[in-house]
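For reference, data.cif (mmCIF, C-alpha atoms and all ligand atoms):
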```
data_final
loop_
_atom_site.label_atom_id
_atom_site.label_comp_id
_atom_site.auth_asym_id
_atom_site.auth_seq_id
_atom_site.Cartn_x
_atom_site.Cartn_y
_atom_site.Cartn_z
CA MET A 2 -98.08 -22.46 -10.77
CA SER A 3 -94.48 -23.26 -10.00
CA LYS A 4 -93.81 -24.76 -6.61
CA ALA A 5 -90.48 -26.16 -7.76
CA TYR A 6 -88.80 -25.91 -4.37
CA ALA A 7 -91.68 -27.01 -2.13
CA GLU A 8 -91.78 -30.58 -0.87
CA GLY A 9 -95.50 -31.15 -1.40
CA PRO A 10 -98.59 -31.30 0.82
CA GLN A 11 -97.14 -34.17 2.87
CA SER A 12 -94.55 -31.81 4.39
CA ILE A 13 -97.12 -29.40 5.85
CA ILE A 14 -97.00 -28.98 9.64
CA PRO A 15 -100.51 -27.93 10.74
CA ALA A 16 -99.27 -25.37 13.31
CA SER A 17 -97.42 -23.56 10.51
CA ILE A 18 -100.65 -22.86 8.63
CA SER A 19 -103.03 -22.44 11.57
CA ASN A 20 -103.54 -18.69 10.97
CA VAL A 21 -105.82 -18.87 7.91
CA ALA A 22 -107.27 -15.85 6.09
CA PRO A 23 -111.08 -15.57 6.00
CA GLU A 24 -113.10 -16.78 3.03
CA GLY A 25 -113.34 -13.96 0.50
CA THR A 26 -109.75 -12.78 0.93
CA LYS A 27 -108.14 -11.85 -2.41
CA VAL A 28 -104.42 -11.30 -3.00
CA PHE A 29 -103.24 -9.39 -6.08
CA ILE A 30 -99.72 -8.75 -7.34
CA LEU A 31 -99.66 -5.33 -9.02
CA LYS A 32 -96.68 -4.40 -11.17
CA LEU A 33 -95.11 -0.98 -10.52
CA GLY A 34 -92.40 -0.76 -13.18
CA ASN A 35 -88.94 -2.13 -13.83
CA LEU A 36 -85.34 -1.25 -13.05
CA GLU A 37 -82.10 -2.54 -14.50
CA ALA A 38 -78.75 -2.80 -12.74
CA ASP A 39 -75.39 -4.55 -12.76
CA ALA A 40 -75.59 -8.17 -11.57
CA SER A 41 -72.83 -7.56 -9.00
CA TYR A 42 -75.35 -5.83 -6.72
CA PHE A 43 -77.31 -9.07 -6.45
CA PHE A 44 -74.84 -11.95 -6.81
CA GLU A 45 -71.50 -12.45 -5.15
CA HIS A 46 -68.70 -12.77 -7.74
CA ALA A 47 -70.83 -11.48 -10.62
CA ASN A 48 -68.88 -9.57 -13.26
CA VAL A 49 -65.51 -9.93 -11.53
CA SER A 50 -62.33 -10.92 -13.32
CA LEU A 51 -60.22 -13.95 -12.46
CA LYS A 52 -56.51 -14.42 -13.06
CA SER A 53 -57.43 -16.71 -15.95
CA THR A 54 -59.77 -14.11 -17.49
CA LYS A 55 -58.11 -10.84 -16.49
CA ASP A 56 -57.05 -10.01 -20.05
CA GLU A 57 -60.45 -10.78 -21.58
CA ALA A 58 -62.96 -8.07 -22.31
CA ILE A 59 -65.93 -8.59 -19.97
CA VAL A 60 -69.50 -7.86 -20.98
CA HIS A 61 -71.17 -7.05 -17.67
CA GLU A 62 -74.28 -9.06 -16.95
CA ARG A 63 -77.21 -6.83 -16.01
CA LYS A 64 -80.49 -7.82 -14.37
CA ASN A 65 -84.05 -6.62 -14.93
CA LEU A 66 -85.89 -5.96 -11.66
CA GLN A 67 -89.67 -6.14 -11.35
CA MET A 68 -91.12 -3.74 -8.78
CA TYR A 69 -94.58 -4.61 -7.43
CA THR A 70 -96.98 -4.21 -4.55
CA VAL A 71 -99.15 -6.92 -3.00
CA LEU A 72 -102.76 -5.79 -2.57
CA ILE A 73 -104.83 -7.79 -0.10
CA ASP A 74 -108.61 -7.38 -0.04
CA HIS A 75 -109.28 -8.62 3.51
CA PRO A 76 -112.91 -9.10 4.61
CA ILE A 77 -112.12 -8.21 8.24
CA SER A 78 -109.23 -5.72 8.15
CA GLY A 79 -109.93 -3.95 4.86
CA LEU A 80 -107.44 -3.11 2.10
CA ILE A 81 -103.85 -3.98 2.98
CA LEU A 82 -100.68 -3.34 0.95
CA TYR A 83 -97.39 -5.19 1.37
CA GLU A 84 -94.81 -2.66 0.17
CA VAL A 85 -95.62 0.26 -2.07
CA GLY A 86 -93.00 0.67 -4.82
CA PRO A 87 -90.85 3.73 -5.58
CA GLY A 88 -93.33 6.60 -5.32
CA LYS A 89 -95.49 9.07 -7.20
CA ILE A 90 -94.86 10.00 -10.84
CA GLY A 91 -91.56 11.86 -10.85
CA TRP A 92 -89.92 9.70 -8.18
CA GLU A 93 -86.81 9.53 -10.36
CA SER A 94 -86.03 13.18 -9.64
CA LYS A 95 -86.05 12.37 -5.91
CA TRP A 96 -83.63 9.49 -6.43
CA GLY A 97 -81.25 11.75 -8.39
CA ALA A 98 -78.89 11.10 -11.30
CA GLU A 99 -76.30 9.10 -9.36
CA ILE A 100 -78.76 6.50 -8.04
CA LEU A 101 -80.56 6.30 -11.38
CA ASP A 102 -77.27 5.66 -13.14
CA ALA A 103 -76.80 2.58 -10.95
CA TYR A 104 -80.47 1.51 -10.97
CA CYS A 105 -81.86 2.83 -14.25
CA ARG A 106 -85.53 2.76 -15.03
CA VAL A 107 -86.61 0.62 -18.00
CA ASN A 108 -90.02 -0.13 -19.52
CA LYS A 109 -91.06 3.30 -18.30
CA ASP A 110 -93.68 4.08 -20.91
CA ASP A 111 -96.31 1.87 -19.26
CA GLU A 112 -98.89 4.26 -17.84
CA THR A 113 -100.25 1.58 -15.47
CA GLN A 114 -97.17 1.74 -13.24
CA PRO A 115 -98.06 4.42 -10.62
CA LEU A 116 -99.38 2.83 -7.40
CA ASP A 117 -102.72 4.65 -7.40
CA ILE A 118 -103.42 3.67 -11.04
CA ALA A 119 -102.38 0.05 -10.48
CA ILE A 120 -104.79 -0.19 -7.52
CA LYS A 121 -107.56 1.43 -9.56
CA ASN A 122 -107.00 -1.00 -12.45
CA ALA A 123 -107.48 -3.88 -9.99
CA GLY A 124 -110.90 -2.44 -9.07
CA TYR A 125 -109.96 -0.69 -5.82
CA ASP A 126 -109.26 2.84 -4.57
CA ILE A 127 -106.02 3.93 -2.87
CA ASN A 128 -108.19 6.12 -0.61
CA ASN A 129 -109.61 2.94 0.92
CA VAL A 130 -106.24 1.47 1.94
CA LYS A 131 -106.25 0.89 5.71
CA HIS A 132 -102.93 -0.83 6.41
CA ILE A 133 -99.47 -0.92 4.84
CA ILE A 134 -96.95 -3.59 5.81
CA ILE A 135 -93.40 -2.63 4.87
CA GLY A 136 -91.02 -5.53 4.23
CA HIS A 137 -88.08 -3.15 4.25
CA LEU A 138 -87.76 0.60 3.82
CA HIS A 139 -85.46 0.80 0.76
CA ILE A 140 -86.39 3.39 -1.85
CA ASP A 141 -87.85 0.96 -4.40
CA HIS A 142 -90.15 -0.69 -1.81
CA ALA A 143 -91.26 2.18 0.41
CA GLY A 144 -91.01 5.35 -1.71
CA GLY A 145 -94.75 5.01 -2.35
CA LEU A 146 -95.39 5.97 1.29
CA GLU A 147 -95.41 9.51 -0.09
CA TYR A 148 -98.92 8.78 -1.39
CA PHE A 149 -100.06 8.49 2.24
CA LYS A 150 -98.77 11.75 3.70
CA GLY A 151 -101.52 13.23 5.88
CA ARG A 152 -103.48 9.95 5.90
CA THR A 153 -104.00 9.43 9.64
CA ASP A 154 -106.44 6.62 8.79
CA VAL A 155 -103.64 4.45 7.35
CA THR A 156 -101.39 2.45 9.67
CA VAL A 157 -97.85 1.74 8.47
CA TRP A 158 -96.58 -1.50 10.04
CA VAL A 159 -92.82 -2.00 10.12
CA HIS A 160 -90.32 -3.82 12.30
CA GLU A 161 -88.85 -1.52 14.95
CA ILE A 162 -85.30 -2.43 13.88
CA GLU A 163 -86.01 -1.42 10.27
CA LEU A 164 -87.53 1.95 11.14
CA LYS A 165 -84.66 2.80 13.48
CA HIS A 166 -82.09 1.69 10.92
CA ALA A 167 -83.65 3.71 8.10
CA VAL A 168 -83.84 6.91 10.17
CA TRP A 169 -80.27 6.36 11.41
CA GLY A 170 -79.07 5.62 7.86
CA ILE A 171 -80.53 8.85 6.54
CA ALA A 172 -79.46 11.00 9.51
CA THR A 173 -75.84 9.83 9.46
CA LYS A 174 -75.71 9.62 5.62
CA SER A 175 -74.32 6.10 6.03
CA GLU A 176 -77.20 4.55 4.07
CA ILE A 177 -78.19 7.49 1.87
CA GLY A 178 -79.35 6.14 -1.47
CA SER A 179 -80.72 2.94 0.04
CA TYR A 180 -83.11 5.08 2.10
CA LEU A 181 -84.23 8.65 1.34
CA ASN A 182 -86.26 11.07 3.38
CA TYR A 183 -88.92 11.94 0.77
CA TYR A 184 -91.06 9.06 2.08
CA ILE A 185 -89.85 8.42 5.63
CA ASP A 186 -92.23 10.99 7.04
CA LEU A 187 -92.35 10.92 10.85
CA ASP A 188 -95.93 12.19 10.74
CA LEU A 189 -97.18 8.98 9.14
CA ASN A 190 -99.14 6.69 11.44
CA TRP A 191 -96.23 4.30 12.13
CA SER A 192 -96.82 1.16 14.16
CA THR A 193 -93.86 -1.05 15.10
CA PHE A 194 -93.32 -4.47 16.63
CA ASN A 195 -90.08 -6.12 17.71
CA GLU A 196 -90.84 -9.85 17.76
CA GLN A 197 -89.31 -12.46 15.43
CA LYS A 198 -92.77 -13.52 14.23
CA VAL A 199 -96.12 -11.74 14.41
CA ASP A 200 -99.60 -12.89 13.32
CA ILE A 201 -100.34 -9.40 12.14
CA PHE A 202 -103.82 -10.03 10.69
CA LYS A 203 -106.04 -13.07 10.29
CA GLY A 204 -104.19 -15.21 7.74
CA LEU A 205 -101.13 -12.91 7.55
CA THR A 206 -97.91 -13.61 9.47
CA VAL A 207 -94.64 -11.69 9.23
CA HIS A 208 -91.21 -13.11 10.05
CA LEU A 209 -88.04 -11.14 10.78
CA CYS A 210 -85.34 -12.01 8.19
CA PRO A 211 -82.26 -9.82 8.75
CA GLY A 212 -79.36 -9.79 6.30
CA HIS A 213 -80.29 -7.60 3.33
CA THR A 214 -81.37 -5.03 5.91
CA PRO A 215 -81.40 -5.49 9.71
CA GLY A 216 -85.19 -5.29 10.10
CA LEU A 217 -86.55 -6.91 6.93
CA ILE A 218 -89.77 -8.92 7.31
CA ILE A 219 -91.16 -11.48 4.89
CA LEU A 220 -94.92 -12.00 4.58
CA GLN A 221 -96.66 -15.38 4.84
CA ILE A 222 -100.30 -15.52 3.72
CA ASN A 223 -102.33 -18.68 4.34
CA LEU A 224 -105.29 -18.67 1.94
CA PRO A 225 -108.36 -20.93 2.16
CA SER A 226 -108.16 -22.13 -1.48
CA ASP A 227 -104.66 -21.43 -2.80
CA GLY A 228 -102.71 -22.36 0.33
CA THR A 229 -99.63 -20.51 1.50
CA ILE A 230 -97.80 -17.77 -0.39
CA ILE A 231 -94.58 -16.29 0.97
CA PHE A 232 -93.44 -12.89 -0.29
CA THR A 233 -89.74 -12.54 0.51
CA THR A 234 -89.14 -8.91 -0.56
CA ASP A 235 -85.36 -8.50 -0.99
CA HIS A 236 -84.30 -11.20 1.43
CA THR A 237 -84.16 -13.17 -1.82
CA ILE A 238 -84.09 -10.69 -4.70
CA PHE A 239 -83.99 -13.25 -7.51
CA LYS A 240 -84.66 -16.98 -7.58
CA GLU A 241 -80.89 -17.51 -7.95
CA ASN A 242 -80.52 -16.20 -4.36
CA TYR A 243 -82.61 -19.21 -3.26
CA GLU A 244 -82.35 -22.15 -5.63
CA ASN A 245 -79.39 -24.56 -5.84
CA GLY A 246 -78.22 -23.60 -2.37
CA GLY A 247 -78.80 -19.89 -2.95
CA CYS A 248 -76.22 -17.53 -4.42
CA LYS A 249 -75.16 -14.93 -1.84
CA GLN A 250 -76.15 -11.36 -2.53
CA GLY A 251 -73.50 -9.04 -3.93
CA PHE A 252 -73.03 -5.42 -2.88
CA LEU A 253 -76.56 -5.29 -1.46
CA MET A 254 -75.70 -7.79 1.28
CA ARG A 255 -75.31 -6.17 4.71
CA ASP A 256 -74.85 -9.13 7.06
CA HIS A 257 -74.09 -12.51 5.53
CA TYR A 258 -74.25 -14.47 8.80
CA GLN A 259 -77.75 -13.21 9.53
CA TRP A 260 -78.78 -13.63 5.89
CA TYR A 261 -77.70 -17.28 5.95
CA ASN A 262 -79.72 -17.97 9.10
CA SER A 263 -82.74 -16.10 7.70
CA THR A 264 -82.53 -18.26 4.57
CA GLN A 265 -82.48 -21.40 6.72
CA MET A 266 -85.65 -20.19 8.44
CA LEU A 267 -87.26 -19.42 5.05
CA ARG A 268 -86.45 -22.90 3.75
CA ARG A 269 -88.04 -24.53 6.81
CA LEU A 270 -91.09 -22.31 6.54
CA HIS A 271 -91.34 -23.13 2.82
CA ARG A 272 -91.23 -26.86 3.57
CA ASP A 273 -93.63 -26.68 6.53
CA THR A 274 -96.26 -24.74 4.58
CA ASN A 275 -95.76 -26.13 1.03
CA ALA A 276 -95.75 -22.48 -0.02
CA LEU A 277 -95.45 -20.69 -3.31
CA VAL A 278 -92.45 -18.38 -2.77
CA ILE A 279 -92.33 -15.06 -4.63
CA PHE A 280 -89.02 -13.21 -4.61
CA GLY A 281 -88.35 -9.47 -4.32
CA HIS A 282 -87.66 -8.60 -7.96
CA ASP A 283 -87.76 -11.84 -9.95
CA THR A 284 -89.39 -10.68 -13.18
CA SER A 285 -89.94 -14.18 -14.60
CA THR A 286 -91.64 -15.45 -11.41
CA VAL A 287 -94.04 -12.49 -11.35
CA GLU A 288 -94.80 -12.87 -15.08
CA GLN A 289 -95.47 -16.58 -14.64
CA VAL A 290 -97.80 -16.00 -11.68
CA LEU A 291 -99.75 -13.28 -13.48
CA GLU A 292 -100.15 -15.45 -16.59
CA GLU A 293 -101.86 -18.10 -14.52
CA LYS A 294 -103.94 -16.03 -12.10
CA THR A 295 -105.44 -12.56 -11.70
CA TYR A 296 -105.55 -13.03 -7.93
CA PHE A 297 -105.16 -15.69 -5.24
CA ASN A 298 -107.95 -16.59 -2.84
ZN ZN B 301 -85.50 -3.89 -3.98
#
```

Represent the structure from my file as structure tokens, please.
Ligand SMILES: [Zn+2]
Amino acid sequence: MSKAYAEGPQSIIPASISNVAPEGTKVFILKLGNLEADASYFFEHANVSLKSTKDEAIVHERKNLQMYTVLIDHPISGLILYEVGPGKIGWESKWGAEILDAYCRVNKDDETQPLDIAIKNAGYDINNVKHIIIGHLHIDHAGGLEYFKGRTDVTVWVHEIELKHAVWGIATKSEIGSYLNYYIDLDLNWSTFNEQKVDIFKGLTVHLCPGHTPGLIILQINLPSDGTIIFTTDHTIFKENYENGGCKQGFLMRDHYQWYNSTQMLRRLHRDTNALVIFGHDTSTVEQVLEEKTYFN
């Protein structure tokens, strides 16, 4: 397992890992399909011309994006999901041609990609999900909330800032495309918090990381055997947004000042927990993890 950017067990600060998940907790990464888009959405200066290259033909770099959910089998709190992917079969028609032209679906013949099937293939039932933690409410991370319409037994945990921003972004049309109303259903059992850091369940802690969106939260899980895993969602979309100083995001950046400070917090948390960090869409990281483990415990 790659921990290339951790500093090793000697850097662990005990208070940073004091909220430990109970024995028997299992954490699965379940793949929910792939997108492809121009690299300029993710990296500042990608695919731009320079004076010295302005007359050269440019082949635009494109990036493959892995979409996934994190399924947590928690002995005390039941089945928990961290983010839920783009939605039910047919979600592309809800995104529309313009969005799909920018973020096209690839590798779409894999019948294991719908959320309910992915959960079933891991040995669980979507009807038994009790809690959903939403890192941020963009279409490719929260569209799957449409599976839970009418499910008053499922609590959807999200930072207050993110929920307000998503509803505002849809209502004013200022963020249409990043958020859509097919899954932001006000009848869902929403539960918000507004702290910087919340120990949300035993072993699970969320941290506010604004920048990509104003109310994005990353998830820290402290496991009895495998130690700490940090899921960053799109605070860091690819490993290039983190390694070697961290390339700034491109068009998907909303607030660089806040993003920089959130990254500083993530780096300290990474050091203080000796964590494995898993980025929002880094296909190679997810493939590497899944080659080595079916689940973490
Ligand atoms: Zn995303």

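Of the listed residues A:Leu181, A:Met68, A:Ala22, A:Leu187, the one whose atoms come nearest to ligand ZN 301 (chain B) is A:Met68, with distances taken using only C-alpha atoms and all ligand atoms.
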
Exercise for the section: Place a sphere of radius 12 Å on (-91.9, -23.7, 3.1) in the file coordinates and name every protein, DNA or RNA residue with an atom inside or on its surface, counting all atoms listed in the file; give the answer as a PyMOL selection string. Expected result: chain A and resi 4-14+17-18+221-223+228-233+264-279

Exercise for the section: Counting all atoms listed in the file, figure out which residue out of A:Gly212, A:Phe149, A:Gly204, A:Leu220 gets nearest to A:Asp188. Expected result: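 Ranking A:Gly212, A:Phe149, A:Gly204, A:Leu220 by distance to A:Asp188, first place goes to A:Phe149.
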
Practice task
Kindly work out which residues sit at most 8 Å from ligand ZN 301 (chain B), using all atoms listed in the file, and give the list as a PyMOL selection string.
Solution key: chain A and resi 66+68+139-142+234-235+238+281-282

Handout entry: atom CA of A:Tyr296 to atom CA of A:His75, straight-line distance in Å
Key =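 Spanning atom CA of A:His75 to atom CA of A:Tyr296 is a straight-line distance of 12.8 Å.
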
Could you give me, as a PDB file with C-alpha atoms, keeping the file's coordinate frame, the residues that sit within 7 Å of (-103.4, -2.8, 9.7) in the file's coordinates, counting only C-alpha atoms?
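Output below, filename result29.pdb:
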```pdb
ATOM      1  CA  SER A  78    -109.230  -5.720   8.150  1.00  0.00           C
ATOM      2  CA  ILE A  81    -103.850  -3.980   2.980  1.00  0.00           C
ATOM      3  CA  LYS A 131    -106.250   0.890   5.710  1.00  0.00           C
ATOM      4  CA  HIS A 132    -102.930  -0.830   6.410  1.00  0.00           C
ATOM      5  CA  ILE A 133     -99.470  -0.920   4.840  1.00  0.00           C
ATOM      6  CA  THR A 156    -101.390   2.450   9.670  1.00  0.00           C
ATOM      7  CA  TRP A 158     -96.580  -1.500  10.040  1.00  0.00           C
TER       8      TRP A 158
END
```

Practice task
Return the single residue from A:Ile134, A:Ala119, A:Ile218, A:Ile171 that is closest to A:Asn190, with distances computed using all atoms listed in the file.
Solution key: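 Distance minimum relative to A:Asn190 lands on A:Ile134.
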
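Proximity to A:Ile118 was assessed for A:Leu33, A:Val207, A:Gly144, A:Glu62 counting only C-alpha atoms; the smallest distance is recorded for A:Leu33.
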
Exercise for the section: Give the answer as one residue: which of A:Lys64, A:Lys240, A:His160, A:Arg106 has the shortest atom-to-atom distance to A:Trp92, using all atoms listed in the file? Expected result: A:Arg106

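In this model, the gap between atom CA of A:Ile185 and atom CA of A:Glu93 comes to 16.3 Å.
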
Exercise for the section: Identify, on the basis of only C-alpha atoms, every residue whose closest approach to A:Glu45 does not exceed 8 Å; exclude the query and any residue fewer than 3 positions from it along the same chain; express the result as an MDAnalysis selection string. Expected result: chainID A and resid 41:42 248:252
